[in-house]
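*Asks:* So here's upload17.pdb, just PDB, C-alpha atoms, pLDDT in the B column:
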MODEL        1
ATOM      1  CA  ALA A   1      72.512 -92.532  23.216  1.00 44.00           C
ATOM      2  CA  GLY A   2      75.257 -94.042  21.135  1.00 49.00           C
ATOM      3  CA  PHE A   3      78.786 -92.901  20.564  1.00 50.00           C
ATOM      4  CA  ALA A   4      78.067 -91.704  17.012  1.00 52.00           C
ATOM      5  CA  GLU A   5      75.651 -88.983  18.140  1.00 49.00           C
ATOM      6  CA  GLY A   6      78.270 -87.586  20.507  1.00 55.00           C
ATOM      7  CA  ILE A   7      81.250 -87.840  18.188  1.00 60.00           C
ATOM      8  CA  ASN A   8      81.714 -84.072  18.097  1.00 69.00           C
ATOM      9  CA  GLU A   9      81.179 -83.534  21.812  1.00 83.00           C
ATOM     10  CA  LYS A  10      83.894 -81.666  23.655  1.00 93.00           C
ATOM     11  CA  ILE A  11      86.237 -83.713  25.840  1.00 95.00           C
ATOM     12  CA  TYR A  12      86.927 -82.516  29.392  1.00 96.00           C
ATOM     13  CA  VAL A  13      89.676 -83.663  31.739  1.00 97.00           C
ATOM     14  CA  ARG A  14      88.862 -84.499  35.360  1.00 98.00           C
ATOM     15  CA  THR A  15      90.686 -86.242  38.163  1.00 97.00           C
ATOM     16  CA  TYR A  16      88.972 -88.820  40.370  1.00 96.00           C
ATOM     17  CA  ARG A  17      90.366 -89.986  43.716  1.00 93.00           C
ATOM     18  CA  VAL A  18      89.956 -93.747  43.664  1.00 92.00           C
ATOM     19  CA  THR A  19      91.734 -95.150  46.718  1.00 85.00           C
ATOM     20  CA  ASN A  20      88.393 -96.561  47.952  1.00 87.00           C
ATOM     21  CA  PHE A  21      88.046 -98.598  44.764  1.00 86.00           C
ATOM     22  CA  LEU A  22      91.455-100.278  44.701  1.00 83.00           C
ATOM     23  CA  PRO A  23      91.856-103.897  45.832  1.00 79.00           C
ATOM     24  CA  PRO A  24      92.328-104.559  49.558  1.00 79.00           C
ATOM     25  CA  ASN A  25      96.003-104.374  50.528  1.00 82.00           C
ATOM     26  CA  ALA A  26      96.744-102.456  47.319  1.00 81.00           C
ATOM     27  CA  GLN A  27      99.777-100.210  47.200  1.00 84.00           C
ATOM     28  CA  PRO A  28      98.087 -97.095  45.792  1.00 79.00           C
ATOM     29  CA  SER A  29     101.400 -95.515  44.878  1.00 82.00           C
ATOM     30  CA  LEU A  30     101.959 -98.209  42.222  1.00 82.00           C
ATOM     31  CA  GLU A  31     100.374 -97.784  38.792  1.00 83.00           C
ATOM     32  CA  PRO A  32      99.515-101.495  38.199  1.00 83.00           C
ATOM     33  CA  GLU A  33      97.143-101.415  41.191  1.00 86.00           C
ATOM     34  CA  TYR A  34      94.779 -99.272  39.113  1.00 91.00           C
ATOM     35  CA  GLN A  35      94.490-101.566  36.096  1.00 91.00           C
ATOM     36  CA  THR A  36      91.527-103.641  37.299  1.00 90.00           C
ATOM     37  CA  LEU A  37      89.517-100.493  38.005  1.00 93.00           C
ATOM     38  CA  ILE A  38      90.505 -98.979  34.653  1.00 95.00           C
ATOM     39  CA  ASP A  39      89.477-102.176  32.855  1.00 95.00           C
ATOM     40  CA  GLU A  40      86.092-102.138  34.646  1.00 95.00           C
ATOM     41  CA  ILE A  41      85.496 -98.520  33.691  1.00 97.00           C
ATOM     42  CA  VAL A  42      86.336 -99.148  30.024  1.00 97.00           C
ATOM     43  CA  GLN A  43      83.935-102.127  29.969  1.00 97.00           C
ATOM     44  CA  GLU A  44      81.073-100.524  31.913  1.00 96.00           C
ATOM     45  CA  VAL A  45      81.084 -96.766  31.212  1.00 97.00           C
ATOM     46  CA  GLN A  46      80.408 -95.862  27.570  1.00 95.00           C
ATOM     47  CA  PRO A  47      82.691 -98.635  26.258  1.00 96.00           C
ATOM     48  CA  LEU A  48      82.858 -97.409  22.653  1.00 94.00           C
ATOM     49  CA  THR A  49      84.161 -93.985  23.657  1.00 94.00           C
ATOM     50  CA  TRP A  50      87.527 -95.089  25.093  1.00 96.00           C
ATOM     51  CA  GLU A  51      90.770 -94.988  23.125  1.00 95.00           C
ATOM     52  CA  GLN A  52      91.198 -98.737  23.764  1.00 93.00           C
ATOM     53  CA  ASN A  53      88.131 -99.131  21.526  1.00 92.00           C
ATOM     54  CA  ASP A  54      89.185 -96.453  18.999  1.00 93.00           C
ATOM     55  CA  GLY A  55      87.202 -93.659  20.682  1.00 93.00           C
ATOM     56  CA  PRO A  56      88.366 -90.170  21.693  1.00 94.00           C
ATOM     57  CA  ALA A  57      88.188 -90.588  25.495  1.00 96.00           C
ATOM     58  CA  SER A  58      91.083 -91.715  27.665  1.00 97.00           C
ATOM     59  CA  LEU A  59      91.972 -92.497  31.246  1.00 96.00           C
ATOM     60  CA  ALA A  60      95.177 -93.181  33.097  1.00 95.00           C
ATOM     61  CA  ALA A  61      96.371 -93.965  36.582  1.00 94.00           C
ATOM     62  CA  TYR A  62      97.822 -91.044  38.492  1.00 93.00           C
ATOM     63  CA  PRO A  63      99.287 -92.798  41.526  1.00 90.00           C
ATOM     64  CA  GLN A  64     101.063 -89.679  42.787  1.00 88.00           C
ATOM     65  CA  ASN A  65      97.617 -88.317  43.713  1.00 89.00           C
ATOM     66  CA  LEU A  66      95.948 -91.696  44.379  1.00 89.00           C
ATOM     67  CA  ALA A  67      93.694 -90.946  41.436  1.00 93.00           C
ATOM     68  CA  ILE A  68      92.824 -91.578  37.818  1.00 96.00           C
ATOM     69  CA  VAL A  69      92.819 -88.816  35.206  1.00 97.00           C
ATOM     70  CA  VAL A  70      89.958 -89.056  32.734  1.00 98.00           C
ATOM     71  CA  ALA A  71      89.401 -87.217  29.445  1.00 98.00           C
ATOM     72  CA  GLN A  72      85.746 -87.785  28.526  1.00 97.00           C
ATOM     73  CA  THR A  73      82.551 -85.999  27.448  1.00 95.00           C
ATOM     74  CA  HIS A  74      80.166 -84.493  30.005  1.00 95.00           C
ATOM     75  CA  ARG A  75      77.890 -87.516  29.561  1.00 95.00           C
ATOM     76  CA  GLY A  76      80.837 -89.865  30.032  1.00 96.00           C
ATOM     77  CA  HIS A  77      81.896 -88.079  33.218  1.00 97.00           C
ATOM     78  CA  ASP A  78      78.319 -88.230  34.523  1.00 97.00           C
ATOM     79  CA  GLU A  79      78.165 -91.971  33.873  1.00 97.00           C
ATOM     80  CA  LEU A  80      81.606 -92.486  35.423  1.00 97.00           C
ATOM     81  CA  SER A  81      80.532 -90.606  38.564  1.00 97.00           C
ATOM     82  CA  GLU A  82      77.418 -92.801  38.806  1.00 97.00           C
ATOM     83  CA  PHE A  83      79.531 -95.919  38.283  1.00 96.00           C
ATOM     84  CA  LEU A  84      81.953 -94.959  41.054  1.00 95.00           C
ATOM     85  CA  GLU A  85      79.082 -94.024  43.390  1.00 93.00           C
ATOM     86  CA  SER A  86      77.474 -97.431  42.800  1.00 93.00           C
ATOM     87  CA  LYS A  87      80.785 -99.143  43.641  1.00 88.00           C
ATOM     88  CA  ALA A  88      80.989 -97.160  46.881  1.00 83.00           C
ATOM     89  CA  ARG A  89      77.654 -98.495  48.143  1.00 76.00           C
TER      90      ARG A  89
ENDMDL
END
Just dump the structure as structure tokens.

*Replies:*
Amino acid sequence: AGFAEGINEKIYVRTYRVTNFLPPNAQPSLEPEYQTLIDEIVQEVQPLTWEQNDGPASLAAYPQNLAIVVAQTHRGHDELSEFLESKAR
């Protein structure tokens, strides 16, 4: 299941609360605290789909809600949910 086959897939926006995945002693109201998690997601969850790698999907810290906002395909959201669940274990 490569990026090319899903190039015309619709992108959906979802918000994920991620306070449990920030570093210990993180200040979740500060955007830089989210960068390590964002970098992990871009590397591990459908890497070729993210805008950092010239794909259509994007994600950004949303510290006001202790969350990240993700624009991704259904498959990408499914994989991201699995990724976050595996980190929670």

*Asks:* Separation of atom CA of Phe21 of chain A and atom CA of Ile38 of chain A, in Å?

*Replies:* 10.4 Å

*Asks:* Between atom CA of Ala26 of chain A and atom CA of Leu59 of chain A, what is the distance in Å, rounded to a tenth?

*Replies:* 19.5 Å

*Asks:* Could you expand the PyMOL selection byres ((chain A and resi 32) around 12) into the explicit residues it covers here, written as number ranges by chain?

*Replies:* A: 22-23, 26-31, 33-39, 60-63, 68

*Asks:* Residues as selected, C-alpha atoms, written as a short mmCIF file (atom, residue, chain, number, x, y, z; two decimals), in the frame of the given file, can you do that?

*Replies:*
data_model
loop_
_atom_site.label_atom_id
_atom_site.label_comp_id
_atom_site.auth_asym_id
_atom_site.auth_seq_id
_atom_site.Cartn_x
_atom_site.Cartn_y
_atom_site.Cartn_z
CA LEU A 22 91.46 -100.28 44.70
CA PRO A 23 91.86 -103.90 45.83
CA ALA A 26 96.74 -102.46 47.32
CA GLN A 27 99.78 -100.21 47.20
CA PRO A 28 98.09 -97.10 45.79
CA SER A 29 101.40 -95.52 44.88
CA LEU A 30 101.96 -98.21 42.22
CA GLU A 31 100.37 -97.78 38.79
CA GLU A 33 97.14 -101.42 41.19
CA TYR A 34 94.78 -99.27 39.11
CA GLN A 35 94.49 -101.57 36.10
CA THR A 36 91.53 -103.64 37.30
CA LEU A 37 89.52 -100.49 38.01
CA ILE A 38 90.50 -98.98 34.65
CA ASP A 39 89.48 -102.18 32.85
CA ALA A 60 95.18 -93.18 33.10
CA ALA A 61 96.37 -93.96 36.58
CA TYR A 62 97.82 -91.04 38.49
CA PRO A 63 99.29 -92.80 41.53
CA ILE A 68 92.82 -91.58 37.82
#

*Asks:* Interatomic distance between atom CA of Ala67 of chain A and atom CA of Asp54 of chain A?

*Replies:*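 Separation between atom CA of Ala67 of chain A and atom CA of Asp54 of chain A: 23.5 Å.
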
*Asks:* From the options A:Leu48, A:Val18, A:Ile41, A:Ala57, which residue's atoms come nearest to Gln72 of chain A, counting all atoms listed in the file?

*Replies:*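 Comparing A:Leu48, A:Val18, A:Ile41, A:Ala57 against Gln72 of chain A, the winner is A:Ala57.
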
*Asks:* For the PyMOL selection byres ((chain A and resi 56) around 12), applied here, can you spell out every residue it catches as an MDAnalysis selection string?

*Replies:* chainID A and resid 3:4 6:12 46:55 57:59 70:73 76

*Asks:* May I have the residues from that selection written out with C-alpha atoms, as an mmCIF file, keeping the file's coordinate frame?

*Replies:*
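Output saved as part10.cif:
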data_model
loop_
_atom_site.group_PDB
_atom_site.id
_atom_site.type_symbol
_atom_site.label_atom_id
_atom_site.label_comp_id
_atom_site.auth_asym_id
_atom_site.auth_seq_id
_atom_site.Cartn_x
_atom_site.Cartn_y
_atom_site.Cartn_z
ATOM 1 C CA PHE A 3 78.786 -92.901 20.564
ATOM 2 C CA ALA A 4 78.067 -91.704 17.012
ATOM 3 C CA GLY A 6 78.270 -87.586 20.507
ATOM 4 C CA ILE A 7 81.250 -87.840 18.188
ATOM 5 C CA ASN A 8 81.714 -84.072 18.097
ATOM 6 C CA GLU A 9 81.179 -83.534 21.812
ATOM 7 C CA LYS A 10 83.894 -81.666 23.655
ATOM 8 C CA ILE A 11 86.237 -83.713 25.840
ATOM 9 C CA TYR A 12 86.927 -82.516 29.392
ATOM 10 C CA GLN A 46 80.408 -95.862 27.570
ATOM 11 C CA PRO A 47 82.691 -98.635 26.258
ATOM 12 C CA LEU A 48 82.858 -97.409 22.653
ATOM 13 C CA THR A 49 84.161 -93.985 23.657
ATOM 14 C CA TRP A 50 87.527 -95.089 25.093
ATOM 15 C CA GLU A 51 90.770 -94.988 23.125
ATOM 16 C CA GLN A 52 91.198 -98.737 23.764
ATOM 17 C CA ASN A 53 88.131 -99.131 21.526
ATOM 18 C CA ASP A 54 89.185 -96.453 18.999
ATOM 19 C CA GLY A 55 87.202 -93.659 20.682
ATOM 20 C CA ALA A 57 88.188 -90.588 25.495
ATOM 21 C CA SER A 58 91.083 -91.715 27.665
ATOM 22 C CA LEU A 59 91.972 -92.497 31.246
ATOM 23 C CA VAL A 70 89.958 -89.056 32.734
ATOM 24 C CA ALA A 71 89.401 -87.217 29.445
ATOM 25 C CA GLN A 72 85.746 -87.785 28.526
ATOM 26 C CA THR A 73 82.551 -85.999 27.448
ATOM 27 C CA GLY A 76 80.837 -89.865 30.032
#

*Asks:* If you apply the PyMOL selection byres ((chain A and resi 81) around 12) to this file, what residues do you get, as a ChimeraX atom specification?

*Replies:* /A:14-18,41,44-45,70,72,74-80,82-88

*Asks:* So for segment 40-51 of chain A, what box centre and size do we get, axis-aligned, 6 Å extra on each of the six sides, every listed atom, Å to one decimal, as AutoDock Vina command-line options?

*Replies:*
--center_x 85.6 --center_y -98.1 --center_z 28.6 --size_x 22.4 --size_y 20.2 --size_z 24.0
